[in-house]
Amino acid sequence: MGKSPASQRTPSSQILGRGVIHQGNALQVLDGFESGQYQLIIADPPYFQVLLEQEWDNSWKSPAEYLDWTIAWVRACKRVLRPDGLLYVFGQPGKREHVWLHACSLLASEMQFHDMIIWDRAVGYNERSDSFTPQYEMILVLRPTAEGKPFFNKDAVRLPYDEKTIGVYLRDKRYKDKPAREAHLRKGKYATNILRIPSLKGISQEKVGHPSQKPLALIDALVSSSSREGDLVLDPFLGSGTTAVSCEQLKRRWVGIEWDPGYVAMSRQRLESLLAKPELSFG
């Protein structure tokens with residue numbers, strides 16, 4: 001199981017629920033962690049000059065500098081990941097964001113490529129006049145080695161059939177054992193690697209003010225499928241704290257790292273609200 005989150009506290013860390021938030025530079029904080037203890041790592045790093053108005057997305061002078069930094073933190077994550085663990089890395093392709101394509105290639109040589117998930121945001125953002133309206137982001141999935149067999153629970157991310165569809169399938173004469181067939185159908189179908197989950201809008205109750213906040217349902221899918229209750233989950237770029245909230249609700253231990261004190265406060269507030277009313281589900 002590895003050390004508990006609380007045992008890895010630093011002077012700039014805060015214990016909340018099942019986890020701890022470290023305020024600081026991700027590379028420096030990761031350097032102090034024990035090797036091979038995290039079952040799952042979910043990373044939503046700055047995308048490099050995508051959100052031009054955000055200082056943290058313009059911290060690198062060139063794509064090469066950004067890619068060097070990306071390789072460094074991924075290597076640090078690989079060191080602390082369990083042999084049967086997975087690393088999920090969010091990214092976005094496009095005209096201005098083409099550096100993500102180079103990142104995918106480089107990171108697939110640092111770790112073993114496992115999958116590429118498409119997050120279908122359901123609604124596009126109309127910022128291009130000479131191209132199709134973008135509506136998706138990508139999640140690169142990596143495992144430590146080619147030989148490793150990562151933990152993955154496909155049953156945790158089944159999607160329910162509606163009653164009409166179940167009725168249609170039950171009329172299929174090829175299936176003789178109707179009760180067994182119905183039991184199978186009511187478990188739902190397996191989720192594909194295209195996850196259609198609406199992005200958060202300004203009026204969403206889940207929205208807390210972070211410009212690239214991910215929906216809780218999206219992070220829940222990653223946490224529930226790629227870890228077990230009690231497992232240790234890491235988010236090296238905690239942001240608004242969605243990974244921590246997901247882990248609290250799904251009974252995982254967690255560690256988050258965040259450089260910006262404002263986002264640390266945002267995460268803390270979300271978690272404190274959840275912990276004050278554990279019977280409720282908070283975004």
# chains A, B, ... in the order shown; residues from 1 in each chain; ligands from 1
>>> select_by_dssp(residues="segment 10-202 of chain A", states="strand (DSSP E)", output="PDB file with N, CA and C atoms, in the first residue's frame")
ATOM      1  N   SER A  13       2.237  21.615   3.480  1.00  0.00           N
ATOM      2  CA  SER A  13       1.194  20.637   3.155  1.00  0.00           C
ATOM      3  C   SER A  13       0.030  20.745   4.127  1.00  0.00           C
ATOM      4  N   GLN A  14      -1.139  20.281   3.655  1.00  0.00           N
ATOM      5  CA  GLN A  14      -2.357  20.317   4.452  1.00  0.00           C
ATOM      6  C   GLN A  14      -3.070  18.980   4.332  1.00  0.00           C
ATOM      7  N   ILE A  15      -3.406  18.379   5.474  1.00  0.00           N
ATOM      8  CA  ILE A  15      -4.161  17.135   5.466  1.00  0.00           C
ATOM      9  C   ILE A  15      -5.645  17.452   5.401  1.00  0.00           C
ATOM     10  N   LEU A  16      -6.341  16.778   4.494  1.00  0.00           N
ATOM     11  CA  LEU A  16      -7.789  16.952   4.346  1.00  0.00           C
ATOM     12  C   LEU A  16      -8.404  15.598   4.022  1.00  0.00           C
ATOM     13  N   GLY A  19      -6.540  12.545   2.286  1.00  0.00           N
ATOM     14  CA  GLY A  19      -5.349  12.934   1.549  1.00  0.00           C
ATOM     15  C   GLY A  19      -4.641  14.143   2.083  1.00  0.00           C
ATOM     16  N   VAL A  20      -3.739  14.653   1.244  1.00  0.00           N
ATOM     17  CA  VAL A  20      -2.928  15.802   1.623  1.00  0.00           C
ATOM     18  C   VAL A  20      -2.636  16.630   0.367  1.00  0.00           C
ATOM     19  N   ILE A  21      -2.661  17.943   0.534  1.00  0.00           N
ATOM     20  CA  ILE A  21      -2.285  18.863  -0.543  1.00  0.00           C
ATOM     21  C   ILE A  21      -0.917  19.444  -0.233  1.00  0.00           C
ATOM     22  N   HIS A  22      -0.009  19.329  -1.192  1.00  0.00           N
ATOM     23  CA  HIS A  22       1.300  19.965  -1.081  1.00  0.00           C
ATOM     24  C   HIS A  22       1.305  21.212  -1.959  1.00  0.00           C
ATOM     25  N   GLN A  23       1.602  22.341  -1.375  1.00  0.00           N
ATOM     26  CA  GLN A  23       1.778  23.548  -2.182  1.00  0.00           C
ATOM     27  C   GLN A  23       3.247  23.673  -2.547  1.00  0.00           C
ATOM     28  N   TYR A  38       2.222   4.715  -5.930  1.00  0.00           N
ATOM     29  CA  TYR A  38       0.940   5.223  -6.428  1.00  0.00           C
ATOM     30  C   TYR A  38       0.326   4.275  -7.439  1.00  0.00           C
ATOM     31  N   GLN A  39      -0.928   3.907  -7.196  1.00  0.00           N
ATOM     32  CA  GLN A  39      -1.643   3.038  -8.124  1.00  0.00           C
ATOM     33  C   GLN A  39      -2.071   3.782  -9.379  1.00  0.00           C
ATOM     34  N   LEU A  40      -2.364   5.053  -9.218  1.00  0.00           N
ATOM     35  CA  LEU A  40      -2.907   5.843 -10.316  1.00  0.00           C
ATOM     36  C   LEU A  40      -2.387   7.270 -10.216  1.00  0.00           C
ATOM     37  N   ILE A  41      -2.022   7.847 -11.355  1.00  0.00           N
ATOM     38  CA  ILE A  41      -1.638   9.255 -11.423  1.00  0.00           C
ATOM     39  C   ILE A  41      -2.468   9.913 -12.515  1.00  0.00           C
ATOM     40  N   ILE A  42      -3.155  10.991 -12.155  1.00  0.00           N
ATOM     41  CA  ILE A  42      -3.950  11.760 -13.100  1.00  0.00           C
ATOM     42  C   ILE A  42      -3.326  13.137 -13.212  1.00  0.00           C
ATOM     43  N   ALA A  43      -2.830  13.487 -14.386  1.00  0.00           N
ATOM     44  CA  ALA A  43      -2.106  14.738 -14.584  1.00  0.00           C
ATOM     45  C   ALA A  43      -2.799  15.597 -15.636  1.00  0.00           C
ATOM     46  N   LEU A  81       5.176   5.574  -9.602  1.00  0.00           N
ATOM     47  CA  LEU A  81       4.031   4.762 -10.005  1.00  0.00           C
ATOM     48  C   LEU A  81       4.299   3.288  -9.714  1.00  0.00           C
ATOM     49  N   ARG A  82       3.271   2.581  -9.269  1.00  0.00           N
ATOM     50  CA  ARG A  82       3.389   1.139  -9.059  1.00  0.00           C
ATOM     51  C   ARG A  82       3.580   0.416 -10.401  1.00  0.00           C
ATOM     52  N   PRO A  83       4.175  -0.769 -10.393  1.00  0.00           N
ATOM     53  CA  PRO A  83       4.362  -1.515 -11.638  1.00  0.00           C
ATOM     54  C   PRO A  83       3.044  -1.823 -12.353  1.00  0.00           C
ATOM     55  N   ASP A  84       1.944  -1.934 -11.595  1.00  0.00           N
ATOM     56  CA  ASP A  84       0.643  -2.225 -12.199  1.00  0.00           C
ATOM     57  C   ASP A  84      -0.241  -0.979 -12.269  1.00  0.00           C
ATOM     58  N   GLY A  85       0.387   0.195 -12.211  1.00  0.00           N
ATOM     59  CA  GLY A  85      -0.367   1.438 -12.225  1.00  0.00           C
ATOM     60  C   GLY A  85      -0.452   2.067 -13.607  1.00  0.00           C
ATOM     61  N   LEU A  86      -1.259   3.121 -13.701  1.00  0.00           N
ATOM     62  CA  LEU A  86      -1.427   3.869 -14.948  1.00  0.00           C
ATOM     63  C   LEU A  86      -1.244   5.360 -14.701  1.00  0.00           C
ATOM     64  N   LEU A  87      -0.723   6.035 -15.720  1.00  0.00           N
ATOM     65  CA  LEU A  87      -0.588   7.489 -15.721  1.00  0.00           C
ATOM     66  C   LEU A  87      -1.472   8.051 -16.828  1.00  0.00           C
ATOM     67  N   TYR A  88      -2.397   8.933 -16.462  1.00  0.00           N
ATOM     68  CA  TYR A  88      -3.268   9.609 -17.424  1.00  0.00           C
ATOM     69  C   TYR A  88      -2.780  11.044 -17.578  1.00  0.00           C
ATOM     70  N   VAL A  89      -2.548  11.475 -18.817  1.00  0.00           N
ATOM     71  CA  VAL A  89      -2.046  12.823 -19.083  1.00  0.00           C
ATOM     72  C   VAL A  89      -3.012  13.533 -20.038  1.00  0.00           C
ATOM     73  N   PHE A  90      -3.604  14.623 -19.587  1.00  0.00           N
ATOM     74  CA  PHE A  90      -4.512  15.397 -20.432  1.00  0.00           C
ATOM     75  C   PHE A  90      -3.726  16.272 -21.409  1.00  0.00           C
ATOM     76  N   GLY A  91      -4.279  16.426 -22.603  1.00  0.00           N
ATOM     77  CA  GLY A  91      -3.663  17.290 -23.600  1.00  0.00           C
ATOM     78  C   GLY A  91      -4.680  17.680 -24.657  1.00  0.00           C
ATOM     79  N   GLN A 112       5.497   3.125 -21.571  1.00  0.00           N
ATOM     80  CA  GLN A 112       4.812   2.309 -22.571  1.00  0.00           C
ATOM     81  C   GLN A 112       3.444   2.901 -22.895  1.00  0.00           C
ATOM     82  N   PHE A 113       3.197   3.143 -24.179  1.00  0.00           N
ATOM     83  CA  PHE A 113       1.864   3.606 -24.579  1.00  0.00           C
ATOM     84  C   PHE A 113       0.840   2.534 -24.231  1.00  0.00           C
ATOM     85  N   HIS A 114      -0.270   2.959 -23.616  1.00  0.00           N
ATOM     86  CA  HIS A 114      -1.316   2.017 -23.216  1.00  0.00           C
ATOM     87  C   HIS A 114      -2.633   2.284 -23.934  1.00  0.00           C
ATOM     88  N   ASP A 115      -3.009   3.565 -24.052  1.00  0.00           N
ATOM     89  CA  ASP A 115      -4.269   3.906 -24.720  1.00  0.00           C
ATOM     90  C   ASP A 115      -4.285   5.406 -24.979  1.00  0.00           C
ATOM     91  N   MET A 116      -5.226   5.809 -25.838  1.00  0.00           N
ATOM     92  CA  MET A 116      -5.508   7.226 -26.024  1.00  0.00           C
ATOM     93  C   MET A 116      -7.016   7.401 -25.878  1.00  0.00           C
ATOM     94  N   ILE A 117      -7.418   8.131 -24.860  1.00  0.00           N
ATOM     95  CA  ILE A 117      -8.831   8.375 -24.605  1.00  0.00           C
ATOM     96  C   ILE A 117      -9.216   9.706 -25.226  1.00  0.00           C
ATOM     97  N   ILE A 118     -10.368   9.732 -25.863  1.00  0.00           N
ATOM     98  CA  ILE A 118     -10.920  10.974 -26.374  1.00  0.00           C
ATOM     99  C   ILE A 118     -12.000  11.448 -25.420  1.00  0.00           C
ATOM    100  N   TRP A 119     -11.820  12.623 -24.872  1.00  0.00           N
ATOM    101  CA  TRP A 119     -12.878  13.229 -24.066  1.00  0.00           C
ATOM    102  C   TRP A 119     -13.720  14.101 -24.988  1.00  0.00           C
ATOM    103  N   ASP A 120     -14.906  13.616 -25.309  1.00  0.00           N
ATOM    104  CA  ASP A 120     -15.866  14.362 -26.114  1.00  0.00           C
ATOM    105  C   ASP A 120     -16.582  15.324 -25.174  1.00  0.00           C
ATOM    106  N   TYR A 136     -13.197  18.218 -28.582  1.00  0.00           N
ATOM    107  CA  TYR A 136     -12.644  17.140 -27.772  1.00  0.00           C
ATOM    108  C   TYR A 136     -11.265  17.502 -27.239  1.00  0.00           C
ATOM    109  N   GLU A 137     -10.888  16.797 -26.196  1.00  0.00           N
ATOM    110  CA  GLU A 137      -9.521  16.800 -25.700  1.00  0.00           C
ATOM    111  C   GLU A 137      -9.055  15.353 -25.650  1.00  0.00           C
ATOM    112  N   MET A 138      -7.783  15.165 -25.418  1.00  0.00           N
ATOM    113  CA  MET A 138      -7.215  13.824 -25.430  1.00  0.00           C
ATOM    114  C   MET A 138      -6.591  13.510 -24.072  1.00  0.00           C
ATOM    115  N   ILE A 139      -6.581  12.229 -23.745  1.00  0.00           N
ATOM    116  CA  ILE A 139      -5.944  11.760 -22.507  1.00  0.00           C
ATOM    117  C   ILE A 139      -5.012  10.620 -22.881  1.00  0.00           C
ATOM    118  N   LEU A 140      -3.726  10.889 -22.858  1.00  0.00           N
ATOM    119  CA  LEU A 140      -2.720   9.871 -23.141  1.00  0.00           C
ATOM    120  C   LEU A 140      -2.580   8.973 -21.914  1.00  0.00           C
ATOM    121  N   VAL A 141      -2.655   7.659 -22.130  1.00  0.00           N
ATOM    122  CA  VAL A 141      -2.563   6.697 -21.032  1.00  0.00           C
ATOM    123  C   VAL A 141      -1.262   5.913 -21.177  1.00  0.00           C
ATOM    124  N   LEU A 142      -0.457   5.936 -20.126  1.00  0.00           N
ATOM    125  CA  LEU A 142       0.856   5.283 -20.140  1.00  0.00           C
ATOM    126  C   LEU A 142       0.976   4.314 -18.977  1.00  0.00           C
ATOM    127  N   ARG A 143       1.706   3.229 -19.211  1.00  0.00           N
ATOM    128  CA  ARG A 143       2.036   2.309 -18.126  1.00  0.00           C
ATOM    129  C   ARG A 143       3.565   2.236 -18.012  1.00  0.00           C
ATOM    130  N   ARG A 158     -19.214   0.678 -16.629  1.00  0.00           N
ATOM    131  CA  ARG A 158     -20.282   0.246 -17.533  1.00  0.00           C
ATOM    132  C   ARG A 158     -21.301   1.366 -17.707  1.00  0.00           C
ATOM    133  N   LEU A 159     -21.932   1.398 -18.868  1.00  0.00           N
ATOM    134  CA  LEU A 159     -22.946   2.403 -19.173  1.00  0.00           C
ATOM    135  C   LEU A 159     -24.297   1.720 -19.290  1.00  0.00           C
ATOM    136  N   LYS A 189     -23.359  -1.729 -20.771  1.00  0.00           N
ATOM    137  CA  LYS A 189     -22.300  -2.017 -21.739  1.00  0.00           C
ATOM    138  C   LYS A 189     -20.984  -1.400 -21.270  1.00  0.00           C
ATOM    139  N   TYR A 190     -19.895  -1.941 -21.759  1.00  0.00           N
ATOM    140  CA  TYR A 190     -18.590  -1.402 -21.395  1.00  0.00           C
ATOM    141  C   TYR A 190     -18.390  -0.033 -22.043  1.00  0.00           C
ATOM    142  N   ILE A 194     -13.871   6.570 -25.958  1.00  0.00           N
ATOM    143  CA  ILE A 194     -14.432   7.894 -26.251  1.00  0.00           C
ATOM    144  C   ILE A 194     -15.448   8.196 -25.155  1.00  0.00           C
ATOM    145  N   LEU A 195     -15.104   9.098 -24.259  1.00  0.00           N
ATOM    146  CA  LEU A 195     -15.951   9.424 -23.114  1.00  0.00           C
ATOM    147  C   LEU A 195     -16.706  10.714 -23.406  1.00  0.00           C
ATOM    148  N   ARG A 196     -18.003  10.600 -23.587  1.00  0.00           N
ATOM    149  CA  ARG A 196     -18.834  11.766 -23.887  1.00  0.00           C
ATOM    150  C   ARG A 196     -19.402  12.313 -22.579  1.00  0.00           C
TER     151      ARG A 196
END
>>> atom_distance(atom1="atom CA of Ala265 of chain A", atom2="atom CA of Trp73 of chain A")
23.4 Å
>>> residues_around(residues="Tyr169 of chain A", least_positions_apart="4", cutoff="9 Å", atoms="only C-alpha atoms", output="PyMOL selection string")
chain A and resi 164-165+181-182+185
>>> write_last_selection(atoms="N, CA and C atoms", output="PDB file, in the first residue's frame")
ATOM      1  N   LYS A 164     -35.935   0.636 -23.359  1.00  0.00           N
ATOM      2  CA  LYS A 164     -36.323   0.316 -24.731  1.00  0.00           C
ATOM      3  C   LYS A 164     -35.270  -0.569 -25.391  1.00  0.00           C
ATOM      4  N   THR A 165     -34.008  -0.238 -25.211  1.00  0.00           N
ATOM      5  CA  THR A 165     -32.923  -1.026 -25.800  1.00  0.00           C
ATOM      6  C   THR A 165     -32.879  -2.425 -25.199  1.00  0.00           C
ATOM      7  N   ARG A 181     -29.732 -13.452 -20.008  1.00  0.00           N
ATOM      8  CA  ARG A 181     -29.498 -12.366 -20.962  1.00  0.00           C
ATOM      9  C   ARG A 181     -29.901 -11.026 -20.365  1.00  0.00           C
ATOM     10  N   GLU A 182     -31.035 -10.989 -19.686  1.00  0.00           N
ATOM     11  CA  GLU A 182     -31.481  -9.735 -19.083  1.00  0.00           C
ATOM     12  C   GLU A 182     -30.537  -9.281 -17.973  1.00  0.00           C
ATOM     13  N   LEU A 185     -27.631  -7.687 -19.617  1.00  0.00           N
ATOM     14  CA  LEU A 185     -27.947  -6.376 -20.172  1.00  0.00           C
ATOM     15  C   LEU A 185     -28.068  -5.315 -19.085  1.00  0.00           C
TER      16      LEU A 185
END
>>> atom_distance(atom1="atom CA of Leu216 of chain A", atom2="atom CA of Val233 of chain A")
15.2 Å
>>> residues_around(residues="Glu272 of chain A", least_positions_apart="5", cutoff="9 Å", atoms="only C-alpha atoms", output="ChimeraX atom specification")
/A:16-17,267,277
>>> write_last_selection(atoms="N, CA and C atoms", output="compact mmCIF listing (two decimals), in the first residue's frame")
# COMPACT_ATOMS: atom_id res chain seq x y z
N LEU A 16 -6.34 16.78 4.49
CA LEU A 16 -7.79 16.95 4.35
C LEU A 16 -8.40 15.60 4.02
N GLY A 17 -9.25 15.10 4.90
CA GLY A 17 -9.90 13.83 4.63
C GLY A 17 -8.90 12.70 4.48
N SER A 267 -9.15 24.33 -3.83
CA SER A 267 -9.27 22.90 -3.56
C SER A 267 -9.66 22.65 -2.11
N LYS A 277 -20.29 17.81 4.86
CA LYS A 277 -21.56 17.17 4.53
C LYS A 277 -21.29 15.91 3.74
>>> closest_residue(among="A:Arg121, A:Arg79, A:Lys201, A:Arg253", to="Val223 of chain A", atoms="only C-alpha atoms")
A:Arg253
>>> residues_around(residues="segment 239-251 of chain A", least_positions_apart="6", cutoff="7 Å", atoms="only C-alpha atoms", output="list in words")
Arg18, His210, Gln213, Leu216, Ile219, Asp220, Glu229, Gly230, Glu258, Tyr263, Met266, Ser267 and Leu271 of chain A
>>> select_by_dssp(residues="segment 52-260 of chain A", states="alpha helix (DSSP H)", output="number ranges by chain")
A: 63-80, 99-110, 163-170, 178-186, 216-226, 242-250
>>> atom_distance(atom1="atom CA of Gly262 of chain A", atom2="atom CA of Asp44 of chain A")
17.0 Å
>>> closest_residue(among="A:Ser105, A:Gln28, A:Ser224, A:Gln205", to="Ile71 of chain A", atoms="only C-alpha atoms")
A:Ser105
>>> residues_around(residues="Pro198 of chain A", least_positions_apart="5", cutoff="10 Å", atoms="only C-alpha atoms", output="ChimeraX atom specification")
/A:119-124,135,214-215,217-218
>>> closest_residue(among="A:Arg186, A:Arg270, A:Arg128, A:Lys154", to="Gly209 of chain A", atoms="only C-alpha atoms")
A:Arg270
